[in-house]
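J.: To start, I am sharing the structure in question, which I have written as structure tokens.
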Amino acid sequence: MDPLTFLALIFGLAWSFYLYNRSGKRADTVRLPPGPKPLPLIGNILDLTSKELWIKATSFAQTYGPIFQLSILHPSLPISQPLIFLSSPDVCFDLLDKKGGIYADKPKLVMAGELCGCENMVAFTGYGAQSRRQRKLLGMALSKERIPAYQGLIERETAGFLTGLLSAHSASSTVSSPSEHTLPSRFLAYLPLIRRYAGQLTLSVIYGYTVPTSYTQIVHDEFLDMAEDCLDILSNRIASGGGIWLVDIFPWLKGAPKAFESLPLFSFLPKARAWKAKMVEFVEKPFEWVKTEMRKGTHKPSFCSTLLENSDAVVRSQAVVAKKQPRRNSDIPPELLSSWASISSNSVKTTSANAKEYAQFEFDLKWTANSMYSASGDTTVTSVMHYFLALLHDADRGGEVVRKARLELDLVTGLANDSLPTIKPRLPSLSDRYVDVDIPDGKGGTRRVKKPRFPYVEAVMSEVWRWGVVVPLNLPHRLTQDDVYIPPPSPSNPHPSPVFLRKGSLIFGNIWSILRSKELFGDDVDDFRPERYLLSPHEEEVLYGPHDHYDEDEYESIKREKRKRDPRSYVFGFGRRQCPGQNLVESSVWLLTASLLSTVDVRRPCVEGEDGKERVVREKVEFNNSVFRTPDPFGVDIRPRSEKALEVIMLAGEGEEAESL
Ligand code: HEM
């Protein structure tokens, strides 16, 4: 720690000490949630780690129960920050879902929000009129009903990704060192390709922008590079160490005179300025590009163009949202009020009366669009990395998972060597995923439900979500008023006492502890075992079978149990801030998973030892990111499963290349 940071801490602690003495016995009168004993003044700061905090939080939950509290600075201090961890499904749903109205705010982060310019990104906006307007826009683009519109895009990007993977594998390799091992770079080539896949897919959906080169070419694209740069700033710099900076604890630091900025303590100020400039550029440039394309009439349908074209209707519906809650004046930057008219030549005619609403709409739209990009990048990349990690484990155990998945997929794709010659070999498509079945509705009629065509592949995907856990502590919510809660009784605590949750507490849904719960998933929670989701023949019969006798209660109870054990009920967060991208990512990751299972073999890399003999490289994978459970780079040997699979991929890739030109 440099001397100035040290001085600031001393000063802050002295101030806290003063407040501590002044606040006297105030805290004794309330019963806070249990938790490790906070130290005088600093509270539980020493209990926090920036690496894999979810593991520590899970072990605290085993001692203190499904709701416990840590505190930054001692809880008796008015400036202390309570951190509350919820570690069971019931507690998460009771608070974050059922009491969603007071548990949907977001922490006000001075560094990330105000100084680096992220305060208008959806994941950072406080709960109120702005976040409701933004979520409404997201719903218009990402609802279940909208996803089929993206099918072509998703299939094209998936084909491109597979082609890129195989051509990277056959390319002559240079050497790089991802961890303590030195590996030929072809074993790591999947990493930039996943980033590109996630980036391209999102750029197409949001802005209608197609990167003009195929996946087999090394690409420097203005928007992709800009996006990559900003994601790196967001997750590896702004959010490094959990996203809490000294200035978040001592906000007065932000007002330091410019002359102080050369001192290490204040170096965050020039950094924040530089990062903010990049963030704003990334918000503005692709959005301006869409508007220019629209003026020329050359745009492709996208989230932005569709909403701009229908802005009249959107603005009217936003006015309804706004009436529910008074708008904050600060939502609308004044320069936008005058700039709106210039963009709308082929979308909407503005009058001075509605200019303000349109300006607000445009402002919301461009920040919402950008938020989708920021929120989808790391999460999608992390999911695909979890998939590869899981398949490496499977390969170690003889490849049983892949074998079972292929038994299902090959019937449709014709990719087995002994597949019937009548089936033309092809990649899986999103239309293959479900079959419609009609089941009795208990009232003499039928209802149509979607039955997965490949139950084992579905189970693999569920297990990737569960075993990997992309955002293990969820994104923090903020409690907007004091609350009292009685946790559900449990065998170890049959008569739980009410706990007091202080306004302003940050609430972490510990998704990791839920998805590693032995009670929910059995003793082998650390194993990758898709079989845990397969329905018994009886359950299958009740949910989808032809019925002589229909028992509605049993049907509902099986569905309830299934939902409780479905990782999707947790991995996308809770309540009013639940991930709006889940329908999109559910489709894109499903297709990627099904396509990879169908066509490529995944193994641990082999390298030649000094003795000239091949040896398998087993890397210890670390998870250093403090928000996403993104593995540090690890090597994977990816090869086409057969000549037939190679041909199918190359053919699909040619289609993708033709479209991108
Ligand atoms: C593997 C993929 C993904 C996972 C596991 C995931 C998970 C999450 C989680 C846990 C949250 C926090 C929810 C909460 O605060 O309770 C979240 C928020 C969010 N996600 Fe996702 N996400 C994924 C992909 C996406 C994609 C593809 C998009 C957009 C296209 C997206 C857009 C967002 C946005 C905008 C938010 C902020 C919502 C708000 O604060 O109101 N996500 N996501």
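The way I read the labels, and the way they are meant: chains A, B, ... in the order of the structure tokens, residue 1 as the first residue of every chain, and ligand 1 as the first ligand shown, with later ones counted on from there.
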Within 8 Å of ligand 1 (counting only C-alpha atoms and all ligand atoms), which residues show up? I'd like them as a PDB file with N, CA and C atoms, in the first residue's frame.

T.:
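Full text of pocket32.pdb as output:
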```
ATOM      1  N   LEU A  96     -35.930 -11.657  -2.776  1.00  0.00           N
ATOM      2  CA  LEU A  96     -35.653 -10.987  -4.055  1.00  0.00           C
ATOM      3  C   LEU A  96     -36.842 -11.055  -5.016  1.00  0.00           C
ATOM      4  N   ALA A 104     -34.855  -4.395  -5.397  1.00  0.00           N
ATOM      5  CA  ALA A 104     -34.468  -4.375  -6.812  1.00  0.00           C
ATOM      6  C   ALA A 104     -33.535  -3.221  -7.161  1.00  0.00           C
ATOM      7  N   LYS A 106     -29.912  -1.011  -7.146  1.00  0.00           N
ATOM      8  CA  LYS A 106     -28.512  -1.396  -7.387  1.00  0.00           C
ATOM      9  C   LYS A 106     -27.587  -0.506  -6.564  1.00  0.00           C
ATOM     10  N   MET A 121     -25.919   2.187 -17.613  1.00  0.00           N
ATOM     11  CA  MET A 121     -26.027   0.798 -18.093  1.00  0.00           C
ATOM     12  C   MET A 121     -27.062   0.081 -17.246  1.00  0.00           C
ATOM     13  N   VAL A 122     -27.833  -0.813 -17.881  1.00  0.00           N
ATOM     14  CA  VAL A 122     -28.979  -1.404 -17.188  1.00  0.00           C
ATOM     15  C   VAL A 122     -28.573  -2.039 -15.855  1.00  0.00           C
ATOM     16  N   ALA A 123     -27.470  -2.761 -15.850  1.00  0.00           N
ATOM     17  CA  ALA A 123     -27.102  -3.484 -14.630  1.00  0.00           C
ATOM     18  C   ALA A 123     -26.705  -2.539 -13.498  1.00  0.00           C
ATOM     19  N   PHE A 124     -26.493  -1.250 -13.805  1.00  0.00           N
ATOM     20  CA  PHE A 124     -26.080  -0.298 -12.776  1.00  0.00           C
ATOM     21  C   PHE A 124     -27.191   0.677 -12.397  1.00  0.00           C
ATOM     22  N   THR A 125     -28.259   0.759 -13.196  1.00  0.00           N
ATOM     23  CA  THR A 125     -29.249   1.812 -12.915  1.00  0.00           C
ATOM     24  C   THR A 125     -30.069   1.457 -11.686  1.00  0.00           C
ATOM     25  N   SER A 131     -34.837   2.446 -14.916  1.00  0.00           N
ATOM     26  CA  SER A 131     -34.612   1.001 -15.087  1.00  0.00           C
ATOM     27  C   SER A 131     -35.869   0.339 -15.640  1.00  0.00           C
ATOM     28  N   ARG A 135     -35.845  -1.782 -19.073  1.00  0.00           N
ATOM     29  CA  ARG A 135     -36.222  -3.199 -19.081  1.00  0.00           C
ATOM     30  C   ARG A 135     -37.373  -3.432 -20.042  1.00  0.00           C
ATOM     31  N   LEU A 138     -35.797  -3.800 -23.346  1.00  0.00           N
ATOM     32  CA  LEU A 138     -35.154  -5.117 -23.439  1.00  0.00           C
ATOM     33  C   LEU A 138     -36.187  -6.202 -23.697  1.00  0.00           C
ATOM     34  N   LEU A 142     -36.036  -9.110 -26.469  1.00  0.00           N
ATOM     35  CA  LEU A 142     -35.512 -10.398 -26.002  1.00  0.00           C
ATOM     36  C   LEU A 142     -36.570 -11.316 -25.402  1.00  0.00           C
ATOM     37  N   THR A 202     -24.054 -10.644 -30.781  1.00  0.00           N
ATOM     38  CA  THR A 202     -24.713  -9.524 -30.097  1.00  0.00           C
ATOM     39  C   THR A 202     -24.739  -8.286 -30.996  1.00  0.00           C
ATOM     40  N   THR A 368     -29.299   1.138 -23.356  1.00  0.00           N
ATOM     41  CA  THR A 368     -29.808  -0.226 -23.194  1.00  0.00           C
ATOM     42  C   THR A 368     -29.120  -1.143 -24.196  1.00  0.00           C
ATOM     43  N   SER A 371     -25.778  -1.901 -23.016  1.00  0.00           N
ATOM     44  CA  SER A 371     -25.791  -2.786 -21.839  1.00  0.00           C
ATOM     45  C   SER A 371     -25.912  -4.238 -22.258  1.00  0.00           C
ATOM     46  N   MET A 372     -26.670  -4.482 -23.339  1.00  0.00           N
ATOM     47  CA  MET A 372     -26.824  -5.869 -23.780  1.00  0.00           C
ATOM     48  C   MET A 372     -25.470  -6.421 -24.194  1.00  0.00           C
ATOM     49  N   TYR A 373     -24.719  -5.566 -24.879  1.00  0.00           N
ATOM     50  CA  TYR A 373     -23.394  -6.031 -25.300  1.00  0.00           C
ATOM     51  C   TYR A 373     -22.528  -6.348 -24.076  1.00  0.00           C
ATOM     52  N   SER A 374     -22.496  -5.380 -23.149  1.00  0.00           N
ATOM     53  CA  SER A 374     -21.615  -5.550 -21.985  1.00  0.00           C
ATOM     54  C   SER A 374     -22.032  -6.761 -21.164  1.00  0.00           C
ATOM     55  N   ALA A 375     -23.361  -6.997 -21.076  1.00  0.00           N
ATOM     56  CA  ALA A 375     -23.822  -8.077 -20.204  1.00  0.00           C
ATOM     57  C   ALA A 375     -23.687  -9.440 -20.864  1.00  0.00           C
ATOM     58  N   SER A 376     -23.625  -9.468 -22.201  1.00  0.00           N
ATOM     59  CA  SER A 376     -23.622 -10.791 -22.836  1.00  0.00           C
ATOM     60  C   SER A 376     -22.212 -11.332 -23.070  1.00  0.00           C
ATOM     61  N   GLY A 377     -21.220 -10.428 -23.177  1.00  0.00           N
ATOM     62  CA  GLY A 377     -19.875 -10.867 -23.553  1.00  0.00           C
ATOM     63  C   GLY A 377     -19.271 -11.880 -22.599  1.00  0.00           C
ATOM     64  N   THR A 379     -20.429 -13.338 -19.981  1.00  0.00           N
ATOM     65  CA  THR A 379     -21.282 -14.455 -19.565  1.00  0.00           C
ATOM     66  C   THR A 379     -21.294 -15.562 -20.622  1.00  0.00           C
ATOM     67  N   THR A 380     -21.424 -15.156 -21.895  1.00  0.00           N
ATOM     68  CA  THR A 380     -21.474 -16.182 -22.944  1.00  0.00           C
ATOM     69  C   THR A 380     -20.127 -16.895 -23.057  1.00  0.00           C
ATOM     70  N   VAL A 381     -19.051 -16.097 -23.038  1.00  0.00           N
ATOM     71  CA  VAL A 381     -17.717 -16.702 -23.148  1.00  0.00           C
ATOM     72  C   VAL A 381     -17.499 -17.685 -21.986  1.00  0.00           C
ATOM     73  N   THR A 382     -17.889 -17.261 -20.780  1.00  0.00           N
ATOM     74  CA  THR A 382     -17.693 -18.121 -19.609  1.00  0.00           C
ATOM     75  C   THR A 382     -18.489 -19.417 -19.753  1.00  0.00           C
ATOM     76  N   SER A 383     -19.728 -19.331 -20.246  1.00  0.00           N
ATOM     77  CA  SER A 383     -20.538 -20.553 -20.399  1.00  0.00           C
ATOM     78  C   SER A 383     -19.870 -21.530 -21.353  1.00  0.00           C
ATOM     79  N   TRP A 465     -24.883 -25.358 -16.968  1.00  0.00           N
ATOM     80  CA  TRP A 465     -25.296 -24.182 -16.169  1.00  0.00           C
ATOM     81  C   TRP A 465     -25.029 -24.426 -14.680  1.00  0.00           C
ATOM     82  N   VAL A 469     -21.708 -22.465 -13.127  1.00  0.00           N
ATOM     83  CA  VAL A 469     -22.169 -21.277 -12.377  1.00  0.00           C
ATOM     84  C   VAL A 469     -21.466 -19.999 -12.859  1.00  0.00           C
ATOM     85  N   VAL A 470     -22.083 -19.357 -13.834  1.00  0.00           N
ATOM     86  CA  VAL A 470     -21.418 -18.229 -14.496  1.00  0.00           C
ATOM     87  C   VAL A 470     -21.259 -17.010 -13.574  1.00  0.00           C
ATOM     88  N   VAL A 471     -22.323 -16.663 -12.836  1.00  0.00           N
ATOM     89  CA  VAL A 471     -22.244 -15.478 -11.947  1.00  0.00           C
ATOM     90  C   VAL A 471     -22.559 -15.959 -10.524  1.00  0.00           C
ATOM     91  N   PRO A 472     -21.573 -16.510  -9.813  1.00  0.00           N
ATOM     92  CA  PRO A 472     -21.865 -17.283  -8.598  1.00  0.00           C
ATOM     93  C   PRO A 472     -22.517 -16.491  -7.465  1.00  0.00           C
ATOM     94  N   LEU A 473     -22.233 -15.184  -7.359  1.00  0.00           N
ATOM     95  CA  LEU A 473     -22.878 -14.415  -6.277  1.00  0.00           C
ATOM     96  C   LEU A 473     -23.933 -13.480  -6.835  1.00  0.00           C
ATOM     97  N   ASN A 474     -24.440 -13.796  -8.047  1.00  0.00           N
ATOM     98  CA  ASN A 474     -25.397 -12.924  -8.703  1.00  0.00           C
ATOM     99  C   ASN A 474     -24.782 -11.526  -8.812  1.00  0.00           C
ATOM    100  N   LEU A 475     -25.504 -10.547  -9.314  1.00  0.00           N
ATOM    101  CA  LEU A 475     -25.041  -9.162  -9.220  1.00  0.00           C
ATOM    102  C   LEU A 475     -25.759  -8.572  -8.004  1.00  0.00           C
ATOM    103  N   PRO A 476     -25.066  -7.759  -7.204  1.00  0.00           N
ATOM    104  CA  PRO A 476     -25.693  -7.317  -5.954  1.00  0.00           C
ATOM    105  C   PRO A 476     -26.934  -6.465  -6.184  1.00  0.00           C
ATOM    106  N   HIS A 477     -27.959  -6.704  -5.344  1.00  0.00           N
ATOM    107  CA  HIS A 477     -29.131  -5.827  -5.305  1.00  0.00           C
ATOM    108  C   HIS A 477     -28.969  -4.936  -4.069  1.00  0.00           C
ATOM    109  N   GLY A 509     -27.402 -12.950  -3.835  1.00  0.00           N
ATOM    110  CA  GLY A 509     -28.010 -14.277  -3.935  1.00  0.00           C
ATOM    111  C   GLY A 509     -26.874 -15.252  -4.226  1.00  0.00           C
ATOM    112  N   TYR A 570     -32.114 -20.311 -11.223  1.00  0.00           N
ATOM    113  CA  TYR A 570     -31.184 -19.563 -10.363  1.00  0.00           C
ATOM    114  C   TYR A 570     -30.096 -18.823 -11.144  1.00  0.00           C
ATOM    115  N   VAL A 571     -29.573 -19.451 -12.218  1.00  0.00           N
ATOM    116  CA  VAL A 571     -28.347 -18.874 -12.816  1.00  0.00           C
ATOM    117  C   VAL A 571     -28.570 -17.499 -13.433  1.00  0.00           C
ATOM    118  N   PHE A 572     -29.809 -17.134 -13.722  1.00  0.00           N
ATOM    119  CA  PHE A 572     -30.048 -15.826 -14.332  1.00  0.00           C
ATOM    120  C   PHE A 572     -30.507 -14.782 -13.324  1.00  0.00           C
ATOM    121  N   GLY A 573     -30.330 -15.060 -12.047  1.00  0.00           N
ATOM    122  CA  GLY A 573     -30.640 -14.068 -11.032  1.00  0.00           C
ATOM    123  C   GLY A 573     -32.106 -14.104 -10.617  1.00  0.00           C
ATOM    124  N   PHE A 574     -32.526 -13.038  -9.929  1.00  0.00           N
ATOM    125  CA  PHE A 574     -33.812 -13.090  -9.237  1.00  0.00           C
ATOM    126  C   PHE A 574     -34.604 -11.790  -9.385  1.00  0.00           C
ATOM    127  N   GLY A 575     -35.903 -11.955  -9.219  1.00  0.00           N
ATOM    128  CA  GLY A 575     -36.798 -10.809  -9.054  1.00  0.00           C
ATOM    129  C   GLY A 575     -36.799  -9.876 -10.246  1.00  0.00           C
ATOM    130  N   ARG A 576     -36.916  -8.593  -9.933  1.00  0.00           N
ATOM    131  CA  ARG A 576     -37.121  -7.607 -10.992  1.00  0.00           C
ATOM    132  C   ARG A 576     -35.849  -7.264 -11.753  1.00  0.00           C
ATOM    133  N   ARG A 577     -34.713  -7.795 -11.324  1.00  0.00           N
ATOM    134  CA  ARG A 577     -33.483  -7.549 -12.068  1.00  0.00           C
ATOM    135  C   ARG A 577     -33.007  -8.812 -12.769  1.00  0.00           C
ATOM    136  N   GLN A 578     -33.831  -9.832 -12.805  1.00  0.00           N
ATOM    137  CA  GLN A 578     -33.428 -11.090 -13.437  1.00  0.00           C
ATOM    138  C   GLN A 578     -32.913 -10.827 -14.861  1.00  0.00           C
ATOM    139  N   CYS A 579     -31.969 -11.656 -15.315  1.00  0.00           N
ATOM    140  CA  CYS A 579     -31.324 -11.435 -16.609  1.00  0.00           C
ATOM    141  C   CYS A 579     -32.345 -11.388 -17.750  1.00  0.00           C
ATOM    142  N   PRO A 580     -32.384 -10.283 -18.504  1.00  0.00           N
ATOM    143  CA  PRO A 580     -33.320 -10.218 -19.627  1.00  0.00           C
ATOM    144  C   PRO A 580     -32.801 -10.945 -20.865  1.00  0.00           C
ATOM    145  N   GLY A 581     -31.530 -11.397 -20.836  1.00  0.00           N
ATOM    146  CA  GLY A 581     -30.966 -12.042 -22.024  1.00  0.00           C
ATOM    147  C   GLY A 581     -31.139 -13.553 -22.021  1.00  0.00           C
ATOM    148  N   GLN A 582     -31.842 -14.094 -21.004  1.00  0.00           N
ATOM    149  CA  GLN A 582     -31.810 -15.559 -20.861  1.00  0.00           C
ATOM    150  C   GLN A 582     -32.460 -16.315 -22.016  1.00  0.00           C
ATOM    151  N   LEU A 584     -32.442 -15.458 -25.178  1.00  0.00           N
ATOM    152  CA  LEU A 584     -31.503 -15.441 -26.298  1.00  0.00           C
ATOM    153  C   LEU A 584     -30.356 -16.418 -26.058  1.00  0.00           C
ATOM    154  N   VAL A 585     -29.801 -16.348 -24.860  1.00  0.00           N
ATOM    155  CA  VAL A 585     -28.611 -17.144 -24.588  1.00  0.00           C
ATOM    156  C   VAL A 585     -28.969 -18.628 -24.456  1.00  0.00           C
ATOM    157  N   GLU A 586     -30.171 -18.887 -23.998  1.00  0.00           N
ATOM    158  CA  GLU A 586     -30.637 -20.271 -23.900  1.00  0.00           C
ATOM    159  C   GLU A 586     -30.641 -20.897 -25.302  1.00  0.00           C
ATOM    160  N   VAL A 589     -26.720 -20.830 -26.771  1.00  0.00           N
ATOM    161  CA  VAL A 589     -25.830 -21.814 -26.138  1.00  0.00           C
ATOM    162  C   VAL A 589     -26.335 -23.232 -26.415  1.00  0.00           C
TER     163      VAL A 589
END
```

J.: List the neighbours of His220 (chain A) out to 10 Å using only C-alpha atoms; skip same-chain residues closer than 6 positions along the sequence, and give me the result as a PDB file with N, CA and C atoms, in the first residue's frame.

T.:
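Everything below was put into part.pdb:
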```pdb
ATOM      1  N   VAL A 211     -19.956  -8.394 -39.083  1.00  0.00           N
ATOM      2  CA  VAL A 211     -18.505  -8.236 -39.254  1.00  0.00           C
ATOM      3  C   VAL A 211     -18.159  -8.741 -40.660  1.00  0.00           C
ATOM      4  N   THR A 213     -15.769 -10.041 -42.248  1.00  0.00           N
ATOM      5  CA  THR A 213     -14.839 -11.124 -42.588  1.00  0.00           C
ATOM      6  C   THR A 213     -15.302 -12.397 -41.899  1.00  0.00           C
ATOM      7  N   MET A 226     -13.493  -2.288 -30.456  1.00  0.00           N
ATOM      8  CA  MET A 226     -13.974  -1.327 -29.462  1.00  0.00           C
ATOM      9  C   MET A 226     -14.700  -2.065 -28.334  1.00  0.00           C
TER      10      MET A 226
END
```

J.: Would you pick out the contacts of Gly545 (chain A) at 12 Å or less, using only C-alpha atoms, so that residues sharing its chain but fewer than 5 positions from it are not included, and give the list as an NGL selection string?

T.: :A and (437-440 or 449 or 451 or 537-540 or 550 or 555)

J.: Interatomic distance between CA of Ala652 (chain A) and CA of Pro286 (chain A)?

T.: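 That distance, rounded to one decimal, is 28.5 Å.
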